[in-house]
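Student: Can you keep this structure in mind? I'll have questions shortly.
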Amino acid sequence: MNENAKVTFTANGEDGEEFFPKPVIQVQKVPTGSLTVTKVFAGIDAEDSDVIGTSEFTFTIEKLKENNEGNLVVDTDFTDTELGFTDGVKTITITGAASQTISGLPTGQYRVTETAESIPESIGDYVYVSNSISPENPVTVEKDQTAAVTVTNTYNHRDKTLTITKKVDGNMGDRTHDFDFELTVLQENGELLTADD
């Protein structure tokens with residue numbers, strides 16, 4: 001390391017130079033934290049949990065910033081090859097029910113979304129119903145802290161057993177009479193479940 005550094009300058013029309021012993025330039029360290037993304041499943045019975053297996057799920061992590069109008073937008077100026085961000089976006093893959101932590105993230109707000117194309121419409125005997133993220137986006141990464149996001153995919157078993165029992169009470173009840181029932185099945189979102197679903 002150099003013992004001295006030389007600075008040349010012009011002052012009052014004359015050139016000059018000075019030597020400085022061991023100059024130090026203070027660079028502010030960017031505060032960082034971590035973000036953990038966890039993938040979980042709902043509606044799959046414990047005895048069938050092995051059906052999740054080695055399915056791969058893709059997630060997009062976006063670094064956000066506030067624009068001139070005060071709205072949060074993707075920080076396209078943020079590129080960090082070490083962290084895997086290009087134009088403010090990073091993609092990660094999680095296999096099955098697991099989690100992944102990204103450390104060294106600059107503090108600020110991030111949005112986590114699951115790529116819809118990576119969600120299988122069915123896993124084993126289970127059919128995809130919905131996707132939810134908690135806490136809701138955006139999530140804030142704070143200095144020396146780990147923010148956590150849980151992404152839940154809900155599945156329903158294809159085959160369910162429904163038992164209908166008709167009870168007839170009273171002396172005048174006809175226990176030999178046939179009773180007709182009409183079954184209407186709704187999805188979790190309230191829409192009618194069709195044969196194609």
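Following the order of the structure tokens, chains are lettered A, B, ..., residues in each are numbered from 1, and ligands are numbered from 1.
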Which residues, written as a list in words, have at least one atom at most 12 Å from A:Glu18, with only C-alpha atoms counted and residues fewer than 4 positions away on the same chain left out?
Tutor: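 Within the cut-off, the hits are Asn4, Ala5, Lys6, Val7, Thr8, Phe9 and Thr10 of chain A.
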Student: Would you export the selected residues with N, CA, C and O atoms as a PDB file, in the first residue's frame, please?
Tutor:
```pdb
ATOM      1  N   ASN A   4       1.970   7.375   0.749  1.00  0.00           N
ATOM      2  CA  ASN A   4       1.493   8.723   0.485  1.00  0.00           C
ATOM      3  C   ASN A   4       0.729   8.765  -0.828  1.00  0.00           C
ATOM      4  O   ASN A   4       0.965   7.963  -1.725  1.00  0.00           O
ATOM      5  N   ALA A   5      -0.172   9.696  -0.937  1.00  0.00           N
ATOM      6  CA  ALA A   5      -0.876   9.951  -2.185  1.00  0.00           C
ATOM      7  C   ALA A   5      -0.665  11.414  -2.539  1.00  0.00           C
ATOM      8  O   ALA A   5      -0.611  12.274  -1.662  1.00  0.00           O
ATOM      9  N   LYS A   6      -0.516  11.654  -3.823  1.00  0.00           N
ATOM     10  CA  LYS A   6      -0.244  13.020  -4.270  1.00  0.00           C
ATOM     11  C   LYS A   6      -1.491  13.607  -4.906  1.00  0.00           C
ATOM     12  O   LYS A   6      -2.144  12.970  -5.709  1.00  0.00           O
ATOM     13  N   VAL A   7      -1.810  14.835  -4.522  1.00  0.00           N
ATOM     14  CA  VAL A   7      -2.909  15.572  -5.114  1.00  0.00           C
ATOM     15  C   VAL A   7      -2.320  16.780  -5.820  1.00  0.00           C
ATOM     16  O   VAL A   7      -1.554  17.547  -5.231  1.00  0.00           O
ATOM     17  N   THR A   8      -2.634  16.905  -7.115  1.00  0.00           N
ATOM     18  CA  THR A   8      -2.194  18.090  -7.862  1.00  0.00           C
ATOM     19  C   THR A   8      -3.372  19.024  -8.015  1.00  0.00           C
ATOM     20  O   THR A   8      -4.521  18.584  -8.130  1.00  0.00           O
ATOM     21  N   PHE A   9      -3.072  20.333  -8.016  1.00  0.00           N
ATOM     22  CA  PHE A   9      -4.157  21.304  -8.070  1.00  0.00           C
ATOM     23  C   PHE A   9      -3.649  22.595  -8.688  1.00  0.00           C
ATOM     24  O   PHE A   9      -2.442  22.811  -8.843  1.00  0.00           O
ATOM     25  N   THR A  10      -4.610  23.429  -9.075  1.00  0.00           N
ATOM     26  CA  THR A  10      -4.313  24.774  -9.549  1.00  0.00           C
ATOM     27  C   THR A  10      -5.087  25.745  -8.679  1.00  0.00           C
ATOM     28  O   THR A  10      -6.293  25.624  -8.518  1.00  0.00           O
TER      29      THR A  10
END
```
Student: Just the strand (DSSP E) stuff from chain A, please, per backbone DSSP, written as a PyMOL selection string.
Tutor: chain A and resi 4-11+14-21+32-42+56-66+72-74+89-95+99-106+108-114+122-123+126-134+139-141+146-157
Student: Calculate how many Å separate atom CA of A:Thr54 from atom CA of A:Thr101, rounding to one decimal.
Tutor: 18.9 Å
Student: So how far away is atom CA of A:Ser130 from atom CA of A:Ser103, in Å?
Tutor: 29.0 Å
Student: Which of these residues is nearest to A:Lys39, using only C-alpha atoms: A:Leu193, A:Leu183, A:Ile123, A:Val112?
Tutor: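 Smallest distance to A:Lys39 is found for A:Val112.
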Student: Identify, on the basis of only C-alpha atoms, every residue whose closest approach to A:Glu142 does not exceed 9 Å; exclude the query and any residue fewer than 3 positions from it along the same chain; express the result as a ChimeraX atom specification.
Tutor: /A:31-34,106-109,145-147
Student: Got a sec to tell me which of stretch 29-151 of chain A DSSP assigns to helix (DSSP H, G or I), as number ranges by chain?
Tutor: A: 46-51, 116-118
Student: A:Phe181: which residues within 10 Å, counting only C-alpha atoms, same-chain residues fewer than 3 positions away excluded, as a CSV table (one decimal) with N, CA, C and O atoms, in the first residue's frame?
Tutor:
```
chain,number,residue,atom,x,y,z
A,164,ILE,N,-75.8,-38.8,1.8
A,164,ILE,CA,-77.1,-38.0,2.1
A,164,ILE,C,-78.0,-39.0,2.8
A,164,ILE,O,-78.3,-40.1,2.4
A,166,LYS,N,-81.9,-39.1,4.6
A,166,LYS,CA,-83.2,-38.5,4.7
A,166,LYS,C,-83.9,-39.1,5.9
A,166,LYS,O,-84.0,-40.3,6.0
A,178,ASP,N,-90.0,-42.5,-2.1
A,178,ASP,CA,-88.7,-42.1,-2.7
A,178,ASP,C,-88.6,-40.6,-2.7
A,178,ASP,O,-89.5,-39.9,-3.0
A,184,THR,N,-75.7,-29.5,-6.1
A,184,THR,CA,-75.0,-28.5,-6.8
A,184,THR,C,-73.7,-28.3,-6.1
A,184,THR,O,-73.6,-28.1,-4.9
```
Student: May I ask for the distance between atom CA of A:Leu64 and atom CA of A:Val139, given in Å to one decimal place?
Tutor: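 These two atoms are separated by 9.9 Å.
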Student: Can you tell me, as JSON, numbers by chain, what residues are no more than 9 Å from A:Gly96 when counting only C-alpha atoms, ignoring any on the same chain fewer than 6 positions away?
Tutor: {"A": [39, 40, 41, 52, 53, 54, 55, 56, 57]}
Student: Just the residues within 8 Å of A:Asp87, please, counting only C-alpha atoms, with nothing from its chain fewer than 6 positions along; format it as a ChimeraX atom specification.
Tutor: /A:75-79
Student: Write the residues you've just listed into a file as an mmCIF file, in the first residue's frame, and include all heavy atoms for each of them.
Tutor:
```cif
data_model
loop_
_atom_site.group_PDB
_atom_site.id
_atom_site.type_symbol
_atom_site.label_atom_id
_atom_site.label_comp_id
_atom_site.auth_asym_id
_atom_site.auth_seq_id
_atom_site.Cartn_x
_atom_site.Cartn_y
_atom_site.Cartn_z
ATOM 1 N N ASP A 75 -37.874 -1.484 -9.777
ATOM 2 C CA ASP A 75 -36.659 -0.678 -9.863
ATOM 3 C C ASP A 75 -35.765 -1.247 -10.959
ATOM 4 O O ASP A 75 -34.858 -2.035 -10.704
ATOM 5 C CB ASP A 75 -35.935 -0.689 -8.516
ATOM 6 C CG ASP A 75 -34.712 0.213 -8.502
ATOM 7 O OD1 ASP A 75 -34.401 0.812 -9.554
ATOM 8 O OD2 ASP A 75 -34.065 0.315 -7.436
ATOM 9 N N THR A 76 -36.043 -0.859 -12.201
ATOM 10 C CA THR A 76 -35.309 -1.405 -13.347
ATOM 11 C C THR A 76 -33.846 -0.962 -13.367
ATOM 12 O O THR A 76 -33.052 -1.496 -14.143
ATOM 13 C CB THR A 76 -35.991 -1.008 -14.669
ATOM 14 O OG1 THR A 76 -36.110 0.424 -14.702
ATOM 15 C CG2 THR A 76 -37.363 -1.650 -14.788
ATOM 16 N N ASP A 77 -33.470 -0.008 -12.513
ATOM 17 C CA ASP A 77 -32.067 0.417 -12.422
ATOM 18 C C ASP A 77 -31.243 -0.542 -11.559
ATOM 19 O O ASP A 77 -30.019 -0.459 -11.546
ATOM 20 C CB ASP A 77 -31.974 1.827 -11.821
ATOM 21 C CG ASP A 77 -32.615 2.873 -12.715
ATOM 22 O OD1 ASP A 77 -32.581 2.698 -13.952
ATOM 23 O OD2 ASP A 77 -33.174 3.849 -12.180
ATOM 24 N N PHE A 78 -31.926 -1.438 -10.838
ATOM 25 C CA PHE A 78 -31.212 -2.329 -9.919
ATOM 26 C C PHE A 78 -30.812 -3.612 -10.630
ATOM 27 O O PHE A 78 -31.647 -4.439 -10.997
ATOM 28 C CB PHE A 78 -32.080 -2.657 -8.699
ATOM 29 C CG PHE A 78 -31.404 -3.578 -7.723
ATOM 30 C CD1 PHE A 78 -30.299 -3.169 -7.009
ATOM 31 C CD2 PHE A 78 -31.872 -4.865 -7.531
ATOM 32 C CE1 PHE A 78 -29.670 -4.014 -6.110
ATOM 33 C CE2 PHE A 78 -31.261 -5.719 -6.628
ATOM 34 C CZ PHE A 78 -30.155 -5.297 -5.920
ATOM 35 N N THR A 79 -29.515 -3.761 -10.831
ATOM 36 C CA THR A 79 -28.950 -4.990 -11.382
ATOM 37 C C THR A 79 -27.788 -5.395 -10.498
ATOM 38 O O THR A 79 -26.903 -4.590 -10.212
ATOM 39 C CB THR A 79 -28.470 -4.800 -12.831
ATOM 40 O OG1 THR A 79 -29.622 -4.527 -13.656
ATOM 41 C CG2 THR A 79 -27.777 -6.030 -13.366
#
```
